[in-house]
Every structure is written in structure tokens, then in C-alpha cells.
Amino acid sequence: MTPSGEMTEDPRDDPNWELVRAAAGAPVPTPPGLIARVLHSVHGLRGRVFGASVEFPSERGTLRVSERVLVLLARRLAAGIGQEIGGVHISAVALDGDGLQVLLTVRYGVAAGEASALLRARLHAALTDQLGGTAPVVTVHIVDVHPD
């Protein structure tokens, strides 16, 4: 359905959807370290109450935030930004040595590259605002396309 309330065609009836089905059937290797990063993130959210902290220097001193809080904050902000963009769903957020890794799915028909770039930029800006001037690098990975 469009924002004006008009019914749209089911994207699965689009002849190009066969390309999506073919891509979905092709084996794709898991990026190196992805599973470890996600499991580390899950362990951080469910595990220790007092886990490691991440430090963010600022003009007022050093802000220390636990990994758990940083991942939860990033996930909450990313989910809201994804809703604003439309057709974007956050699957997971993990923190590793390279920064925040955000996994997302997009609705078929959404310009995935543009949506992921917008989400990355807006999430980094929101985190910078929340953390007082410094934020970790945000990397966005598109992991799936869904029909609706």
C-alpha cells in the first residue's frame, strides 16, 4: 500500500522477483568473524551485568559507557530511524573492534543502498548527539530482502 492508501501490486508477482529468488538460492559465505561478533553482542546483552566499557573522549572529560548500553542505545535509535526511512528492519546490532555492526533487512522495492547509507549516517549523527561529540564507526550490512 502506498502512503496515499492506494493498493500496490504484490512484489512477488514482479518478474524481477525471480532474480531475488535466484540470489536467495545461491550459497553466500558468512563474512569472517560475523558470527563471533553477533554472539559477543548477544552475550553482552544477556550476560554479565558489569561488562567492559567503551570510552569516548570529549571536551568535558571521558565518558564511559558499557558495551551493553551502547548496543541497546544503537539498536533503539536504529529501529526508530529505520521506521522513519520505511521498509527497513534492524535484525541485529553488535559491537566489535571496528565499531558498531548493524544488520538490516529491506522491503523489496526499497533502494537498499540509499536506505543503508541514510541509516548509517543518521545513526552515527544520533549517537554522536547522545554521546556528546564522539561515536563509534557504524557499518551497515544488508542481510535480507523481504516481500512486504
# chains A, B, ... in the order shown; residues from 1 in each chain; ligands from 1
>>> select_by_dssp(residues="range 62-120 of chain A", states="strand (DSSP E or B)", output="ChimeraX atom specification")
/A:62-66,88-96,99-107
>>> write_last_selection(atoms="N, CA and C atoms", output="compact mmCIF listing (two decimals), in the first residue's frame")
# COMPACT_ATOMS: atom_id res chain seq x y z
N THR A 62 36.13 12.18 29.93
CA THR A 62 35.92 10.89 29.28
C THR A 62 34.58 10.31 29.72
N LEU A 63 33.78 9.94 28.75
CA LEU A 63 32.50 9.29 29.02
C LEU A 63 32.71 7.79 28.90
N ARG A 64 32.34 7.04 29.92
CA ARG A 64 32.43 5.58 29.89
C ARG A 64 31.02 5.01 29.81
N VAL A 65 30.82 4.17 28.80
CA VAL A 65 29.52 3.55 28.57
C VAL A 65 29.75 2.05 28.43
N SER A 66 28.93 1.24 29.10
CA SER A 66 29.10 -0.20 28.97
C SER A 66 28.74 -0.63 27.55
N VAL A 88 12.65 -0.67 6.19
CA VAL A 88 13.93 -1.11 6.74
C VAL A 88 13.68 -1.68 8.13
N HIS A 89 14.22 -2.87 8.40
CA HIS A 89 14.08 -3.51 9.71
C HIS A 89 15.47 -3.88 10.22
N ILE A 90 15.75 -3.55 11.48
CA ILE A 90 17.03 -3.86 12.09
C ILE A 90 16.98 -5.29 12.61
N SER A 91 17.87 -6.14 12.11
CA SER A 91 17.93 -7.54 12.56
C SER A 91 18.82 -7.72 13.78
N ALA A 92 19.95 -7.02 13.80
CA ALA A 92 20.88 -7.16 14.92
C ALA A 92 21.83 -5.98 14.93
N VAL A 93 22.37 -5.71 16.11
CA VAL A 93 23.43 -4.71 16.29
C VAL A 93 24.49 -5.36 17.17
N ALA A 94 25.73 -5.26 16.75
CA ALA A 94 26.84 -5.83 17.52
C ALA A 94 27.97 -4.80 17.57
N LEU A 95 28.76 -4.90 18.61
CA LEU A 95 29.93 -4.04 18.77
C LEU A 95 31.17 -4.91 18.68
N ASP A 96 32.11 -4.49 17.84
CA ASP A 96 33.39 -5.19 17.76
C ASP A 96 34.50 -4.16 17.67
N GLY A 99 33.88 -1.13 15.43
CA GLY A 99 32.75 -0.24 15.71
C GLY A 99 31.45 -1.02 15.79
N LEU A 100 30.37 -0.34 15.50
CA LEU A 100 29.05 -0.97 15.54
C LEU A 100 28.73 -1.60 14.19
N GLN A 101 28.27 -2.84 14.23
CA GLN A 101 27.85 -3.56 13.03
C GLN A 101 26.32 -3.66 13.10
N VAL A 102 25.64 -3.11 12.11
CA VAL A 102 24.18 -3.11 12.08
C VAL A 102 23.74 -3.99 10.92
N LEU A 103 22.95 -5.02 11.23
CA LEU A 103 22.42 -5.92 10.21
C LEU A 103 20.98 -5.53 9.96
N LEU A 104 20.62 -5.37 8.67
CA LEU A 104 19.24 -4.97 8.40
C LEU A 104 18.67 -5.72 7.22
N THR A 105 17.35 -5.79 7.21
CA THR A 105 16.61 -6.32 6.07
C THR A 105 15.83 -5.17 5.46
N VAL A 106 15.62 -5.24 4.16
CA VAL A 106 14.88 -4.20 3.46
C VAL A 106 13.71 -4.83 2.72
N ARG A 107 12.66 -4.06 2.59
CA ARG A 107 11.48 -4.50 1.83
C ARG A 107 11.83 -4.40 0.35
>>> select_by_dssp(residues="range 41-110 of chain A", states="helix (DSSP H, G or I)", output="mmCIF file with N, CA, C and O atoms, in the first residue's frame")
data_model
loop_
_atom_site.group_PDB
_atom_site.id
_atom_site.type_symbol
_atom_site.label_atom_id
_atom_site.label_comp_id
_atom_site.auth_asym_id
_atom_site.auth_seq_id
_atom_site.Cartn_x
_atom_site.Cartn_y
_atom_site.Cartn_z
ATOM 1 N N SER A 41 27.802 -9.918 20.993
ATOM 2 C CA SER A 41 26.774 -8.926 21.287
ATOM 3 C C SER A 41 25.652 -9.539 22.114
ATOM 4 O O SER A 41 25.193 -8.959 23.098
ATOM 5 N N VAL A 42 25.201 -10.726 21.725
ATOM 6 C CA VAL A 42 24.132 -11.398 22.475
ATOM 7 C C VAL A 42 24.601 -11.694 23.890
ATOM 8 O O VAL A 42 23.874 -11.465 24.853
ATOM 9 N N HIS A 43 25.831 -12.167 24.026
ATOM 10 C CA HIS A 43 26.359 -12.446 25.362
ATOM 11 C C HIS A 43 26.409 -11.154 26.188
ATOM 12 O O HIS A 43 26.078 -11.150 27.366
ATOM 13 N N GLY A 44 26.780 -10.066 25.541
ATOM 14 C CA GLY A 44 26.839 -8.787 26.245
ATOM 15 C C GLY A 44 25.476 -8.319 26.701
ATOM 16 O O GLY A 44 25.344 -7.714 27.756
ATOM 17 N N LEU A 45 24.437 -8.615 25.928
ATOM 18 C CA LEU A 45 23.096 -8.180 26.294
ATOM 19 C C LEU A 45 22.474 -9.082 27.350
ATOM 20 O O LEU A 45 21.683 -8.637 28.166
ATOM 21 N N ARG A 46 22.818 -10.355 27.328
ATOM 22 C CA ARG A 46 22.184 -11.292 28.257
ATOM 23 C C ARG A 46 23.107 -11.715 29.388
ATOM 24 O O ARG A 46 22.655 -12.297 30.359
ATOM 25 N N GLU A 67 29.366 -1.702 27.092
ATOM 26 C CA GLU A 67 29.062 -2.232 25.767
ATOM 27 C C GLU A 67 27.569 -2.517 25.641
ATOM 28 O O GLU A 67 26.964 -2.240 24.612
ATOM 29 N N ARG A 68 27.009 -3.083 26.693
ATOM 30 C CA ARG A 68 25.588 -3.441 26.691
ATOM 31 C C ARG A 68 24.711 -2.219 26.435
ATOM 32 O O ARG A 68 23.813 -2.245 25.612
ATOM 33 N N VAL A 69 24.993 -1.135 27.130
ATOM 34 C CA VAL A 69 24.207 0.087 26.971
ATOM 35 C C VAL A 69 24.399 0.679 25.581
ATOM 36 O O VAL A 69 23.445 1.105 24.936
ATOM 37 N N LEU A 70 25.627 0.660 25.095
ATOM 38 C CA LEU A 70 25.903 1.208 23.765
ATOM 39 C C LEU A 70 25.157 0.431 22.680
ATOM 40 O O LEU A 70 24.532 1.018 21.791
ATOM 41 N N VAL A 71 25.166 -0.890 22.753
ATOM 42 C CA VAL A 71 24.467 -1.714 21.758
ATOM 43 C C VAL A 71 22.961 -1.498 21.851
ATOM 44 O O VAL A 71 22.281 -1.347 20.833
ATOM 45 N N LEU A 72 22.424 -1.448 23.070
ATOM 46 C CA LEU A 72 20.983 -1.216 23.227
ATOM 47 C C LEU A 72 20.582 0.168 22.718
ATOM 48 O O LEU A 72 19.549 0.314 22.045
ATOM 49 N N LEU A 73 21.373 1.172 23.013
ATOM 50 C CA LEU A 73 21.096 2.526 22.531
ATOM 51 C C LEU A 73 21.132 2.560 21.004
ATOM 52 O O LEU A 73 20.227 3.101 20.360
ATOM 53 N N ALA A 74 22.168 1.968 20.420
ATOM 54 C CA ALA A 74 22.295 1.960 18.965
ATOM 55 C C ALA A 74 21.127 1.215 18.318
ATOM 56 O O ALA A 74 20.561 1.666 17.311
ATOM 57 N N ARG A 75 20.725 0.098 18.903
ATOM 58 C CA ARG A 75 19.607 -0.682 18.339
ATOM 59 C C ARG A 75 18.310 0.123 18.404
ATOM 60 O O ARG A 75 17.538 0.153 17.454
ATOM 61 N N ARG A 76 18.071 0.773 19.537
ATOM 62 C CA ARG A 76 16.845 1.573 19.697
ATOM 63 C C ARG A 76 16.814 2.735 18.703
ATOM 64 O O ARG A 76 15.812 2.980 18.036
ATOM 65 N N LEU A 77 17.925 3.447 18.603
ATOM 66 C CA LEU A 77 17.991 4.563 17.663
ATOM 67 C C LEU A 77 17.854 4.075 16.220
ATOM 68 O O LEU A 77 17.129 4.672 15.417
ATOM 69 N N ALA A 78 18.535 2.982 15.876
ATOM 70 C CA ALA A 78 18.480 2.444 14.513
ATOM 71 C C ALA A 78 17.071 1.991 14.155
ATOM 72 O O ALA A 78 16.607 2.215 13.022
ATOM 73 N N ALA A 79 16.371 1.380 15.103
ATOM 74 C CA ALA A 79 14.997 0.936 14.836
ATOM 75 C C ALA A 79 14.097 2.132 14.522
ATOM 76 O O ALA A 79 13.290 2.086 13.580
ATOM 77 N N GLY A 80 14.232 3.196 15.279
ATOM 78 C CA GLY A 80 13.436 4.394 15.019
ATOM 79 C C GLY A 80 13.771 5.027 13.677
ATOM 80 O O GLY A 80 12.877 5.432 12.926
ATOM 81 N N ILE A 81 15.046 5.084 13.352
ATOM 82 C CA ILE A 81 15.465 5.649 12.065
ATOM 83 C C ILE A 81 14.965 4.765 10.926
ATOM 84 O O ILE A 81 14.498 5.267 9.903
ATOM 85 N N GLY A 82 15.031 3.457 11.112
ATOM 86 C CA GLY A 82 14.535 2.526 10.101
ATOM 87 C C GLY A 82 13.052 2.719 9.830
ATOM 88 O O GLY A 82 12.600 2.672 8.686
ATOM 89 N N GLN A 83 12.277 2.955 10.881
ATOM 90 C CA GLN A 83 10.842 3.219 10.701
ATOM 91 C C GLN A 83 10.621 4.516 9.943
ATOM 92 O O GLN A 83 9.734 4.596 9.098
ATOM 93 N N GLU A 84 11.414 5.528 10.241
ATOM 94 C CA GLU A 84 11.289 6.806 9.536
ATOM 95 C C GLU A 84 11.638 6.660 8.051
ATOM 96 O O GLU A 84 10.982 7.252 7.198
ATOM 97 N N ILE A 85 12.661 5.884 7.756
ATOM 98 C CA ILE A 85 13.053 5.657 6.361
ATOM 99 C C ILE A 85 11.976 4.859 5.647
ATOM 100 O O ILE A 85 11.616 5.146 4.516
#
>>> residues_around(residues="Arg120 in chain A", least_positions_apart="3", cutoff="9 Å", atoms="only C-alpha atoms", output="PDB file with N, CA and C atoms, in the first residue's frame")
ATOM      1  N   ALA A  78      18.535   2.982  15.876  1.00  0.00           N
ATOM      2  CA  ALA A  78      18.480   2.444  14.513  1.00  0.00           C
ATOM      3  C   ALA A  78      17.071   1.991  14.155  1.00  0.00           C
ATOM      4  N   VAL A 102      25.643  -3.109  12.107  1.00  0.00           N
ATOM      5  CA  VAL A 102      24.181  -3.111  12.078  1.00  0.00           C
ATOM      6  C   VAL A 102      23.739  -3.992  10.922  1.00  0.00           C
ATOM      7  N   ALA A 115      19.040   3.463   1.311  1.00  0.00           N
ATOM      8  CA  ALA A 115      18.459   3.329   2.653  1.00  0.00           C
ATOM      9  C   ALA A 115      19.537   2.989   3.680  1.00  0.00           C
ATOM     10  N   SER A 116      20.460   2.085   3.322  1.00  0.00           N
ATOM     11  CA  SER A 116      21.507   1.712   4.284  1.00  0.00           C
ATOM     12  C   SER A 116      22.472   2.872   4.522  1.00  0.00           C
ATOM     13  N   ALA A 117      22.787   3.628   3.475  1.00  0.00           N
ATOM     14  CA  ALA A 117      23.682   4.792   3.649  1.00  0.00           C
ATOM     15  C   ALA A 117      23.019   5.856   4.522  1.00  0.00           C
ATOM     16  N   LEU A 123      22.255   7.296  12.012  1.00  0.00           N
ATOM     17  CA  LEU A 123      22.555   6.618  13.272  1.00  0.00           C
ATOM     18  C   LEU A 123      23.847   7.177  13.869  1.00  0.00           C
ATOM     19  N   HIS A 124      24.856   7.381  13.049  1.00  0.00           N
ATOM     20  CA  HIS A 124      26.109   7.944  13.562  1.00  0.00           C
ATOM     21  C   HIS A 124      25.871   9.336  14.139  1.00  0.00           C
ATOM     22  N   ALA A 125      25.073  10.157  13.448  1.00  0.00           N
ATOM     23  CA  ALA A 125      24.770  11.507  13.952  1.00  0.00           C
ATOM     24  C   ALA A 125      23.997  11.435  15.267  1.00  0.00           C
ATOM     25  N   VAL A 138      30.002   3.302  12.397  1.00  0.00           N
ATOM     26  CA  VAL A 138      28.808   2.484  12.161  1.00  0.00           C
ATOM     27  C   VAL A 138      28.930   1.866  10.775  1.00  0.00           C
ATOM     28  N   THR A 139      28.822   0.545  10.708  1.00  0.00           N
ATOM     29  CA  THR A 139      28.830  -0.168   9.440  1.00  0.00           C
ATOM     30  C   THR A 139      27.488  -0.884   9.310  1.00  0.00           C
ATOM     31  N   VAL A 140      26.850  -0.732   8.151  1.00  0.00           N
ATOM     32  CA  VAL A 140      25.536  -1.330   7.921  1.00  0.00           C
ATOM     33  C   VAL A 140      25.676  -2.439   6.886  1.00  0.00           C
TER      34      VAL A 140
END
>>> residues_around(residues="Pro11 in chain A", least_positions_apart="3", cutoff="8 Å", atoms="only C-alpha atoms", output="list in words")
Asp14, Trp17, Tyr108, Gly109, Pro147 and Asp148 of chain A
>>> closest_residue(among="A:Gln130, A:Glu114, A:His146, A:Arg60", to="Asp10 in chain A", atoms="only C-alpha atoms")
A:His146
>>> residues_around(residues="range 21-24 of chain A", least_positions_apart="5", cutoff="10 Å", atoms="only C-alpha atoms", output="compact mmCIF listing (two decimals) with C-alpha atoms, in the first residue's frame")
# COMPACT_ATOMS: atom_id res chain seq x y z
CA ARG A 12 6.38 -11.36 -5.54
CA ASN A 16 12.30 -9.23 -11.27
CA ASP A 144 17.96 -9.93 3.53
CA VAL A 145 15.19 -8.66 1.27
>>> closest_residue(among="A:Gly61, A:Gly87, A:Pro136, A:Pro32", to="Val110 in chain A", atoms="only C-alpha atoms")
A:Gly87
